[in-house]
>>> print(open('model_12.tsv').read())   # TSV, C-alpha atoms (C1' of nucleotides)
chain	number	residue	atom	x	y	z
A	11	MET	CA	114.76	58.29	170.59
A	12	ALA	CA	117.22	55.56	170.00
A	13	ARG	CA	119.66	57.01	172.46
A	14	LYS	CA	123.29	56.51	171.89
A	15	ARG	CA	125.16	54.91	174.74
A	16	PHE	CA	128.53	56.14	175.86
A	17	ASP	CA	129.43	53.28	178.17
A	18	ASP	CA	132.47	52.46	176.16
A	19	SER	CA	133.51	55.95	175.30
A	20	SER	CA	137.08	56.77	176.09
A	21	CYS	CA	135.90	60.20	177.22
A	22	SER	CA	135.12	60.30	180.90
A	23	VAL	CA	132.72	63.18	180.42
A	24	ALA	CA	130.73	61.05	178.01
A	25	ARG	CA	130.76	58.17	180.44
A	26	ALA	CA	129.66	60.42	183.26
A	27	LEU	CA	126.83	61.79	181.14
A	28	ASN	CA	125.85	58.23	180.41
A	29	GLU	CA	125.05	57.80	184.09
A	30	VAL	CA	123.65	61.15	185.11
A	31	GLY	CA	123.40	63.13	181.90
A	32	ASP	CA	119.74	62.74	181.13
A	33	TRP	CA	117.01	65.17	182.02
A	34	TRP	CA	115.86	63.49	185.20
A	35	SER	CA	118.80	61.74	186.80
A	36	LEU	CA	120.57	64.81	188.11
A	37	LEU	CA	117.29	66.22	189.40
A	38	VAL	CA	116.69	63.02	191.32
A	39	VAL	CA	120.18	63.32	192.78
A	40	LEU	CA	119.55	66.98	193.59
A	41	HIS	CA	116.38	66.15	195.49
A	42	ALA	CA	118.14	63.31	197.25
A	43	MET	CA	120.62	65.94	198.43
A	44	TYR	CA	117.67	67.99	199.62
A	45	GLY	CA	116.75	65.04	201.77
A	46	THR	CA	114.15	63.26	199.67
A	47	ARG	CA	114.31	59.49	200.01
A	48	ARG	CA	110.93	57.99	199.15
A	49	PHE	CA	109.50	57.01	195.81
A	50	VAL	CA	106.31	59.02	196.21
A	51	ASP	CA	108.15	62.10	197.37
A	52	PHE	CA	110.45	62.10	194.36
A	53	GLN	CA	107.43	61.57	192.18
A	54	GLN	CA	105.48	64.47	193.59
A	55	GLU	CA	108.35	66.90	193.92
A	56	LEU	CA	109.63	66.30	190.42
A	57	GLY	CA	106.36	65.70	188.61
A	58	ILE	CA	108.00	62.80	186.83
A	59	ALA	CA	106.06	59.89	185.37
A	60	ARG	CA	106.10	56.90	187.70
A	61	ASN	CA	107.52	54.45	185.20
A	62	ILE	CA	110.29	56.84	184.29
A	63	LEU	CA	111.07	57.43	187.94
A	64	CYS	CA	111.24	53.66	188.41
A	65	ASP	CA	113.62	53.38	185.53
A	66	ARG	CA	115.83	56.25	186.71
A	67	LEU	CA	116.01	55.04	190.28
A	68	ALA	CA	116.90	51.56	189.09
A	69	ARG	CA	119.65	52.92	186.84
A	70	LEU	CA	121.03	55.16	189.55
A	71	VAL	CA	121.08	52.17	191.88
A	72	ASP	CA	122.76	50.07	189.18
A	73	ASN	CA	125.36	52.76	188.78
A	74	GLU	CA	125.80	52.99	192.52
A	75	VAL	CA	124.82	56.62	192.73
A	76	LEU	CA	121.92	55.65	194.99
A	77	LYS	CA	121.38	52.64	197.18
A	78	LYS	CA	117.98	51.14	197.84
A	79	VAL	CA	117.47	50.52	201.51
A	80	ASP	CA	114.73	48.26	202.81
A	81	VAL	CA	113.42	50.36	205.62
A	82	GLY	CA	110.23	48.33	205.79
A	83	GLU	CA	108.87	47.56	209.13
A	84	HIS	CA	107.75	44.33	207.50
A	85	GLY	CA	109.14	44.82	204.02
A	86	SER	CA	107.63	46.84	201.21
A	87	ARG	CA	108.93	50.15	202.40
A	88	PHE	CA	112.07	51.51	200.80
A	89	GLU	CA	114.35	54.47	200.81
A	90	TYR	CA	116.76	55.63	198.17
A	91	ARG	CA	119.86	57.14	199.67
A	92	LEU	CA	122.92	58.70	198.12
A	93	THR	CA	126.10	56.67	198.11
A	94	GLU	CA	129.48	58.31	198.40
A	95	LYS	CA	129.61	58.30	194.62
A	96	GLY	CA	126.29	60.10	194.60
A	97	ARG	CA	127.33	62.63	197.21
A	98	ASP	CA	130.40	63.27	195.10
A	99	LEU	CA	128.12	64.87	192.52
A	100	PHE	CA	127.70	67.79	194.90
A	101	PRO	CA	130.13	70.15	193.16
A	102	ILE	CA	128.48	69.45	189.83
A	103	VAL	CA	125.01	70.19	191.14
A	104	ILE	CA	126.17	73.35	192.86
A	105	ALA	CA	128.08	74.51	189.81
A	106	LEU	CA	124.97	73.97	187.71
A	107	ARG	CA	122.89	75.91	190.19
A	108	GLN	CA	125.32	78.80	190.23
A	109	TRP	CA	125.50	78.84	186.46
A	110	GLY	CA	121.72	78.85	186.24
A	111	ASP	CA	121.42	81.60	188.83
A	112	LYS	CA	123.97	83.70	187.02
A	113	TRP	CA	122.76	83.32	183.46
A	114	ASN	CA	119.07	82.53	183.82
A	115	PRO	CA	118.01	84.09	187.05
A	116	ALA	CA	114.41	83.49	188.04
A	117	PRO	CA	112.39	86.58	187.16
A	118	ASP	CA	110.97	87.02	190.63
A	119	GLN	CA	112.59	84.87	193.30
A	120	PRO	CA	116.11	85.53	194.40
A	121	ALA	CA	118.67	82.76	194.01
A	122	LEU	CA	119.01	80.20	196.76
A	123	ASP	CA	121.32	81.53	199.41
A	124	LEU	CA	123.63	78.62	200.22
A	125	ARG	CA	125.79	78.92	203.30
A	126	ASP	CA	128.42	77.15	205.30
A	127	ARG	CA	126.69	75.53	208.24
A	128	ALA	CA	129.67	76.11	210.47
A	129	THR	CA	130.15	79.81	209.92
A	130	GLY	CA	126.87	80.93	208.37
A	131	ARG	CA	128.77	82.64	205.60
A	132	PRO	CA	127.90	82.20	201.89
A	133	ILE	CA	129.72	79.59	199.86
A	134	ARG	CA	132.06	80.55	197.07
A	135	GLN	CA	131.52	80.31	193.38
A	136	VAL	CA	132.65	76.87	192.21
A	137	THR	CA	135.72	77.25	190.01
A	138	VAL	CA	138.54	75.26	188.50
A	139	GLN	CA	141.70	76.05	190.43
A	140	ASN	CA	145.40	75.55	190.11
A	141	ALA	CA	147.55	74.11	192.84
A	142	ASP	CA	147.63	77.46	194.61
A	143	GLY	CA	143.87	77.81	194.63
A	144	ASP	CA	143.73	80.48	191.93
A	145	SER	CA	140.76	80.25	189.59
A	146	LEU	CA	141.44	79.17	186.03
A	147	THR	CA	139.54	79.65	182.79
A	148	VAL	CA	139.40	77.33	179.82
A	149	ARG	CA	142.37	79.05	178.30
A	150	ASP	CA	144.53	78.60	181.36
A	151	VAL	CA	144.37	74.83	181.19
A	152	PHE	CA	146.03	72.38	178.86
A	153	VAL	CA	146.22	68.61	178.51
A	154	ARG	CA	149.52	67.07	179.33
A	155	ASP	CA	150.21	64.27	176.89
A	156	ASP	CA	150.89	60.81	178.13
A	157	GLY	CA	154.63	60.63	178.13
A	158	GLU	CA	155.26	64.32	177.85
A	159	SER	CA	158.61	65.46	179.12
A	160	ASP	CA	159.41	68.92	180.39
A	161	THR	CA	159.85	70.50	176.99
A	162	HIS	CA	156.57	71.91	176.00
A	163	LYS	CA	155.18	71.03	172.67
A	164	ASP	CA	151.92	72.32	171.34
A	165	LYS	CA	149.77	72.46	174.40
A	166	LYS	CA	146.28	71.44	173.55
A	167	GLN	CA	143.50	73.54	174.94
A	168	VAL	CA	140.88	71.56	176.72
A	169	GLY	CA	137.78	71.19	178.77
B	27	MET	CA	109.32	61.11	174.40
B	28	ALA	CA	107.21	64.05	175.16
B	29	ARG	CA	110.00	65.67	177.08
B	30	LYS	CA	109.07	67.88	179.91
B	31	ARG	CA	110.36	71.43	179.75
B	32	PHE	CA	111.71	73.22	182.76
B	33	ASP	CA	111.83	76.73	181.33
B	34	ASP	CA	109.51	78.03	183.96
B	35	SER	CA	110.80	76.00	186.85
B	36	SER	CA	111.67	77.99	189.90
B	37	CYS	CA	114.66	75.70	190.37
B	38	SER	CA	117.75	77.06	188.68
B	39	VAL	CA	119.22	73.58	188.37
B	40	ALA	CA	116.17	72.51	186.39
B	41	ARG	CA	116.46	75.59	184.23
B	42	ALA	CA	120.14	74.95	183.63
B	43	LEU	CA	119.43	71.36	182.67
B	44	ASN	CA	116.83	72.65	180.29
B	45	GLU	CA	119.61	74.33	178.33
B	46	VAL	CA	122.50	71.93	178.61
B	47	GLY	CA	121.07	68.90	180.37
B	48	ASP	CA	120.48	66.59	177.48
B	49	TRP	CA	122.81	63.92	176.25
B	50	TRP	CA	124.49	65.91	173.53
B	51	SER	CA	124.55	69.56	174.50
B	52	LEU	CA	127.27	69.34	177.10
B	53	LEU	CA	129.38	67.19	174.80
B	54	VAL	CA	129.09	69.82	172.11
B	55	VAL	CA	130.19	72.43	174.64
B	56	LEU	CA	133.04	70.18	175.76
B	57	HIS	CA	134.32	69.80	172.22
B	58	ALA	CA	133.94	73.53	171.67
B	59	MET	CA	136.25	73.93	174.64
B	60	TYR	CA	138.63	71.51	172.97
B	61	GLY	CA	138.71	73.91	170.07
B	62	THR	CA	136.15	72.42	167.69
B	63	ARG	CA	134.22	75.04	165.78
B	64	ARG	CA	132.90	73.57	162.56
B	65	PHE	CA	129.74	71.65	161.88
B	66	VAL	CA	131.46	68.71	160.23
B	67	ASP	CA	134.06	68.47	162.94
B	68	PHE	CA	131.47	68.27	165.69
B	69	GLN	CA	129.64	65.72	163.65
B	70	GLN	CA	132.62	63.46	163.14
B	71	GLU	CA	134.09	63.80	166.59
B	72	LEU	CA	130.82	63.14	168.35
B	73	GLY	CA	129.26	60.66	165.95
B	74	ILE	CA	126.00	62.54	166.32
B	75	ALA	CA	123.25	62.46	163.73
B	76	ARG	CA	123.37	65.55	161.53
B	77	ASN	CA	119.81	66.61	162.16
B	78	ILE	CA	120.28	66.31	165.90
B	79	LEU	CA	123.50	68.28	165.72
B	80	CYS	CA	121.68	70.98	163.79
B	81	ASP	CA	119.02	71.10	166.43
B	82	ARG	CA	121.48	71.21	169.31
B	83	LEU	CA	123.65	73.88	167.76
B	84	ALA	CA	120.58	75.99	167.07
B	85	ARG	CA	119.37	75.61	170.63
B	86	LEU	CA	122.76	76.39	172.10
B	87	VAL	CA	122.90	79.49	169.92
B	88	ASP	CA	119.36	80.41	171.00
B	89	ASN	CA	120.41	80.05	174.60
B	90	GLU	CA	123.55	82.09	173.94
B	91	VAL	CA	125.90	79.34	174.95
B	92	LEU	CA	127.37	79.39	171.45
B	93	LYS	CA	127.42	82.07	168.82
B	94	LYS	CA	127.32	81.37	165.11
B	95	VAL	CA	129.96	83.32	163.29
B	96	ASP	CA	129.91	83.78	159.53
B	97	VAL	CA	133.51	83.15	158.71
B	98	GLY	CA	132.70	82.66	155.05
B	99	GLU	CA	134.99	84.05	152.49
B	100	HIS	CA	131.85	84.53	150.44
B	101	GLY	CA	129.27	83.26	152.91
B	102	SER	CA	128.31	79.67	153.58
B	103	ARG	CA	131.12	78.97	155.99
B	104	PHE	CA	130.36	79.15	159.66
B	105	GLU	CA	131.93	78.64	163.01
B	106	TYR	CA	130.29	77.98	166.33
B	107	ARG	CA	132.14	79.62	169.17
B	108	LEU	CA	131.60	79.66	172.88
B	109	THR	CA	130.19	82.80	174.41
B	110	GLU	CA	131.12	83.91	177.89
B	111	LYS	CA	128.06	82.07	179.12
B	112	GLY	CA	129.34	78.97	177.38
B	113	ARG	CA	132.84	79.33	178.74
B	114	ASP	CA	131.30	79.65	182.15
B	115	LEU	CA	130.33	76.00	181.91
B	116	PHE	CA	133.99	75.15	182.35
B	117	PRO	CA	133.79	74.19	186.05
B	118	ILE	CA	130.81	71.95	185.34
B	119	VAL	CA	132.56	70.12	182.54
B	120	ILE	CA	135.70	69.69	184.57
B	121	ALA	CA	133.78	68.52	187.61
B	122	LEU	CA	132.00	65.97	185.45
B	123	ARG	CA	135.29	64.79	184.03
B	124	GLN	CA	136.84	64.42	187.45
B	125	TRP	CA	133.81	62.57	188.75
B	126	GLY	CA	133.92	60.24	185.76
B	127	ASP	CA	137.64	59.65	186.15
B	128	LYS	CA	137.23	58.90	189.81
B	129	TRP	CA	134.21	56.61	189.69
B	130	ASN	CA	134.31	55.15	186.20
B	131	PRO	CA	137.92	55.18	185.17
B	132	ALA	CA	138.59	53.97	181.65
B	133	PRO	CA	139.84	50.38	181.80
B	134	ASP	CA	143.01	51.07	179.87
B	135	GLN	CA	143.79	54.74	179.30
B	136	PRO	CA	144.83	56.94	182.18
B	137	ALA	CA	142.69	59.97	182.96
B	138	LEU	CA	143.39	63.20	181.12
B	139	ASP	CA	146.13	65.06	182.88
B	140	LEU	CA	144.92	68.66	183.03
B	141	ARG	CA	147.40	71.31	184.02
B	142	ASP	CA	147.79	74.98	184.64
B	143	ARG	CA	149.33	76.51	181.55
B	144	ALA	CA	151.25	79.02	183.61
B	145	THR	CA	152.96	76.68	186.04
B	146	GLY	CA	152.60	73.28	184.43
B	147	ARG	CA	151.21	71.89	187.64
B	148	PRO	CA	148.05	69.77	187.82
B	149	ILE	CA	144.74	71.44	188.54
B	150	ARG	CA	142.87	70.77	191.76
B	151	GLN	CA	139.78	68.73	192.28
B	152	VAL	CA	136.74	70.96	191.80
B	153	THR	CA	134.96	71.40	195.13
B	154	VAL	CA	132.37	73.52	196.83
B	155	GLN	CA	134.14	75.87	199.20
B	156	ASN	CA	133.32	78.19	202.04
B	157	ALA	CA	134.53	81.75	202.25
B	158	ASP	CA	137.92	80.60	203.47
B	159	GLY	CA	138.43	78.17	200.62
B	160	ASP	CA	137.80	75.04	202.67
B	161	SER	CA	136.00	72.25	200.86
B	162	LEU	CA	132.45	71.51	201.90
B	163	THR	CA	130.26	68.43	201.58
B	164	VAL	CA	126.51	68.30	201.15
B	165	ARG	CA	126.07	68.18	204.89
B	166	ASP	CA	128.10	71.29	205.49
B	167	VAL	CA	125.79	73.48	203.48
B	168	PHE	CA	122.33	74.81	204.27
B	169	VAL	CA	119.85	77.12	202.58
B	170	ARG	CA	119.37	80.44	204.22
B	171	ASP	CA	115.70	81.37	204.06
B	172	ASP	CA	114.62	84.58	202.46
B	173	GLY	CA	114.18	86.88	205.38
B	174	GLU	CA	116.04	84.80	207.86
B	175	SER	CA	117.40	86.73	210.79
B	176	ASP	CA	120.35	85.73	212.88
B	177	THR	CA	118.47	83.22	215.00
B	178	HIS	CA	118.82	79.93	213.34
B	179	LYS	CA	115.77	77.93	212.74
B	180	ASP	CA	115.71	74.52	211.15
B	181	LYS	CA	118.48	74.72	208.64
B	182	LYS	CA	117.46	72.86	205.56
B	183	GLN	CA	120.06	70.62	204.03
B	184	VAL	CA	120.57	71.23	200.38
B	185	GLY	CA	122.31	70.68	197.10
C	9	DC	C1'	135.12	74.84	131.85
C	10	DT	C1'	133.29	70.84	133.89
C	11	DA	C1'	133.13	67.52	137.26
C	12	DA	C1'	133.98	66.21	141.78
C	13	DT	C1'	134.10	67.56	146.55
C	14	DC	C1'	133.21	70.14	150.77
C	15	DT	C1'	130.11	72.54	153.90
C	16	DG	C1'	126.09	73.08	156.26
C	17	DG	C1'	122.14	71.78	156.18
C	18	DT	C1'	116.86	69.63	155.37
C	19	DT	C1'	113.70	65.62	154.54
C	20	DT	C1'	111.91	61.13	155.18
C	21	DC	C1'	111.46	57.05	157.60
C	22	DT	C1'	112.10	53.87	161.61
C	23	DT	C1'	113.03	52.94	166.29
C	24	DT	C1'	112.76	53.93	170.94
C	25	DA	C1'	111.95	56.49	174.98
C	26	DA	C1'	108.93	59.81	177.58
C	27	DG	C1'	104.40	60.86	179.40
C	28	DC	C1'	99.83	59.52	181.04
C	29	DA	C1'	96.52	56.80	183.16
C	30	DA	C1'	94.90	52.61	184.83
C	31	DC	C1'	95.80	48.72	187.45
C	32	DC	C1'	97.95	45.67	191.07
C	33	DT	C1'	99.89	43.85	195.48
C	34	DT	C1'	101.23	44.18	200.07
C	35	DA	C1'	100.95	46.75	204.33
C	36	DT	C1'	98.94	49.94	207.48
C	37	DT	C1'	95.00	52.96	209.21
C	38	DT	C1'	90.31	53.99	210.22
D	6	DA	C1'	86.05	45.29	206.71
D	7	DA	C1'	86.93	49.06	203.94
D	8	DA	C1'	89.92	52.70	202.74
D	9	DT	C1'	94.31	54.44	202.00
D	10	DA	C1'	99.31	54.48	201.18
D	11	DA	C1'	103.65	52.73	199.15
D	12	DG	C1'	105.97	51.05	195.38
D	13	DG	C1'	105.54	49.45	191.37
D	14	DT	C1'	103.95	47.36	186.43
D	15	DT	C1'	101.28	47.43	182.04
D	16	DG	C1'	99.48	49.36	177.93
D	17	DC	C1'	98.76	53.06	174.98
D	18	DT	C1'	100.06	57.55	172.63
D	19	DT	C1'	103.21	60.98	171.34
D	20	DA	C1'	107.43	62.91	170.32
D	21	DA	C1'	112.26	62.83	169.92
D	22	DA	C1'	116.66	60.34	168.34
D	23	DG	C1'	119.12	57.85	164.70
D	24	DA	C1'	120.23	56.63	159.86
D	25	DA	C1'	120.46	57.64	155.34
D	26	DA	C1'	119.33	60.08	151.35
D	27	DC	C1'	119.07	64.36	149.23
D	28	DC	C1'	120.27	69.35	148.19
D	29	DA	C1'	122.24	73.99	147.12
D	30	DG	C1'	126.06	77.08	147.07
D	31	DA	C1'	131.17	77.49	147.15
D	32	DT	C1'	135.61	75.58	146.27
D	33	DT	C1'	139.10	72.60	144.23
D	34	DA	C1'	140.90	69.36	140.80
D	35	DG	C1'	141.56	67.97	136.30
>>> encode(input="model_12.tsv", output="structure tokens")
Amino acid sequence: MARKRFDDSSCSVARALNEVGDWWSLLVVLHAMYGTRRFVDFQQELGIARNILCDRLARLVDNEVLKKVDVGEHGSRFEYRLTEKGRDLFPIVIALRQWGDKWNPAPDQPALDLRDRATGRPIRQVTVQNADGDSLTVRDVFVRDDGESDTHKDKKQVG
Amino acid sequence: MARKRFDDSSCSVARALNEVGDWWSLLVVLHAMYGTRRFVDFQQELGIARNILCDRLARLVDNEVLKKVDVGEHGSRFEYRLTEKGRDLFPIVIALRQWGDKWNPAPDQPALDLRDRATGRPIRQVTVQNADGDSLTVRDVFVRDDGESDTHKDKKQVG
DNA sequence: CTAATCTGGTTTCTTTAAGCAACCTTATTT
DNA sequence: AAATAAGGTTGCTTAAAGAAACCAGATTAG
């Protein structure tokens, strides 16, 4: 597995995937959102190998998605907490969850029922929206070229 | 790399990552959204090894994210097109792009300027919203337990 | 009509990462 | 004082990723 790196890619999706796009990283972030903070807890909840967890935590800390906090009464006790950058992954995690619930629902259990703490009402489906808040599909969006004026040329479709 | 599978995981995020959570799959989907449909085009645009591309395309087809269309005049010409399930990954891809643009902006190029085809105005930041359309953070959301009544117990924080 | 090229792969080989288990060090608990 | 817990590290095995060569059927060029 000589993984290809995307650090230098001009595509921000590729660069994002470089930081959180492997099998474990987003799950670590997800569990951090659930409230998990300790090495052993991540390890047990995820069933991840310890050396891999070490590596992932270190990379997430390097990338400033997590921060390692010395919470040791006398050292040697740590917590991994989400940074703002990490918390900003929230829409991505939720969108993934909703996509999974929609297209690969668990055979038995119902989907997690996520709600607004303030009102107790369910959250909305995560969507891409225009300035008015209307949901958009792939086909409704185009890439505006760098110096594009008001005349529309061929509008490229895009993700 | 004896990768761990999450097919059977009760967590829909894990199951989603099982389908599109590896380094290449989401990039293939992204380029499909850009309009790419042919094997060679994916290969050149992504710089992916051909055998890996084969594998990823096959898996995405298996998972019904893509469909393989025989567009051959006399066979032996194929296109890979997004299914509805695949197109439904749009918010995830856009959220990833926005996250990448925000936290790891490309040194030189500006971020892609995505706009609503109908109005020409920029799209919004993808967020998690409550029923009224207000944006929510991790802390604003909780998991409602299965048979939870109206009395609130400990509301678990969640992603 | 033949040779070159394109498309969509498959095969082989090498490198590297994932997984597992054992071990280790510094607290803290019993 | 011995046992346990936290947070790793080390070494080994397995499996996946990458590179490059090869291949067969269709198309195009000469």
>>> closest_atom_pairs(input="model_12.tsv", of="chain C", to="chain B", cutoff="10 Å", atoms="all atoms listed in the file", output="JSON lines")
{"residue": "C:DC14", "atom": "C1'", "partner": "B:Val66", "partner_atom": "CA", "distance": 9.7}
{"residue": "C:DT15", "atom": "C1'", "partner": "B:Arg103", "partner_atom": "CA", "distance": 6.8}
{"residue": "C:DG16", "atom": "C1'", "partner": "B:Phe65", "partner_atom": "CA", "distance": 6.9}
{"residue": "C:DG17", "atom": "C1'", "partner": "B:Cys80", "partner_atom": "CA", "distance": 7.7}
{"residue": "C:DT18", "atom": "C1'", "partner": "B:Asn77", "partner_atom": "CA", "distance": 8.0}
{"residue": "C:DT19", "atom": "C1'", "partner": "B:Asn77", "partner_atom": "CA", "distance": 9.8}
{"residue": "C:DT24", "atom": "C1'", "partner": "B:Met27", "partner_atom": "CA", "distance": 8.7}
{"residue": "C:DA25", "atom": "C1'", "partner": "B:Met27", "partner_atom": "CA", "distance": 5.3}
{"residue": "C:DA26", "atom": "C1'", "partner": "B:Met27", "partner_atom": "CA", "distance": 3.5}
{"residue": "C:DG27", "atom": "C1'", "partner": "B:Ala28", "partner_atom": "CA", "distance": 6.0}
>>> closest_atom_pairs(input="model_12.tsv", of="chain B", to="chain A", cutoff="6 Å", atoms="only C-alpha atoms", output="tab-separated table")
residue	atom	partner	partner_atom	distance
B:Ser38	CA	A:Gly110	CA	5.0
B:Val39	CA	A:Arg107	CA	4.7
B:Ala42	CA	A:Gly110	CA	5.0
B:Gly47	CA	A:Trp33	CA	5.8
B:Asp48	CA	A:Asp32	CA	5.4
B:Trp49	CA	A:Gly31	CA	5.7
B:Leu56	CA	A:Gly169	CA	5.7
B:Met59	CA	A:Gly169	CA	5.2
B:Tyr60	CA	A:Val168	CA	4.4
B:Pro117	CA	A:Thr137	CA	5.4
B:Ile118	CA	A:Ile102	CA	5.6
B:Ala121	CA	A:Ile102	CA	5.8
B:Leu122	CA	A:Val23	CA	5.8
B:Arg123	CA	A:Val23	CA	4.7
B:Gly126	CA	A:Ala26	CA	4.9
B:Asp127	CA	A:Ser22	CA	5.9
B:Asp139	CA	A:Arg154	CA	5.3
B:Leu140	CA	A:Val153	CA	4.7
B:Arg141	CA	A:Val151	CA	5.4
B:Asp142	CA	A:Val151	CA	4.9
B:Arg143	CA	A:Asp150	CA	5.2
B:Ile149	CA	A:Asn140	CA	4.4
B:Arg150	CA	A:Gln139	CA	5.6
B:Val152	CA	A:Val138	CA	5.7
B:Thr153	CA	A:Pro101	CA	5.4
B:Val154	CA	A:Pro101	CA	5.5
B:Gln155	CA	A:Arg134	CA	5.5
B:Asn156	CA	A:Ile133	CA	4.4
B:Ala157	CA	A:Ile133	CA	5.8
B:Asp166	CA	A:Arg127	CA	5.2
B:Val167	CA	A:Asp126	CA	4.9
B:Phe168	CA	A:Arg125	CA	5.5
B:Val169	CA	A:Leu124	CA	4.7
B:Arg170	CA	A:Asp123	CA	5.3
B:Gln183	CA	A:Tyr44	CA	5.7
B:Val184	CA	A:Tyr44	CA	4.4
B:Gly185	CA	A:Met43	CA	5.2
>>> atom_distance(input="model_12.tsv", atom1="CA of Arg107 in chain B", atom2="CA of Arg85 in chain B")
13.5 Å
>>> axis_aligned_box(input="model_12.tsv", around="range 16-35 of chain D", padding_each_side="4 Å", output="AutoDock Vina command-line options")
--center_x 120.2 --center_y 63.4 --center_z 157.1 --size_x 50.8 --size_y 36.1 --size_z 49.6
>>> closest_residue(input="model_12.tsv", among="A:Asp72, A:Lys77, A:Ile62, A:Thr93", to="chain D", atoms="all atoms listed in the file")
A:Ile62
>>> atom_distance(input="model_12.tsv", atom1="CA of Glu71 in chain B", atom2="CA of Leu86 in chain B")
17.8 Å
>>> atom_distance(input="model_12.tsv", atom1="C1' of DT36 in chain C", atom2="CA of Gly82 in chain A")
11.5 Å
>>> closest_atom_pairs(input="model_12.tsv", of="chain D", to="chain A", cutoff="8 Å", atoms="all atoms listed in the file", output="tab-separated table")
residue	atom	partner	partner_atom	distance
D:DA11	C1'	A:Arg87	CA	6.7
D:DG12	C1'	A:Phe49	CA	6.9
D:DG13	C1'	A:Cys64	CA	7.7
D:DA21	C1'	A:Met11	CA	5.2
D:DA22	C1'	A:Met11	CA	3.6
D:DG23	C1'	A:Ala12	CA	6.1
>>> residues_around(input="model_12.tsv", residues="Val54 in chain B", least_positions_apart="6", cutoff="9 Å", atoms="all atoms listed in the file", output="number ranges by chain")
B: 62, 68, 72, 79, 82-83
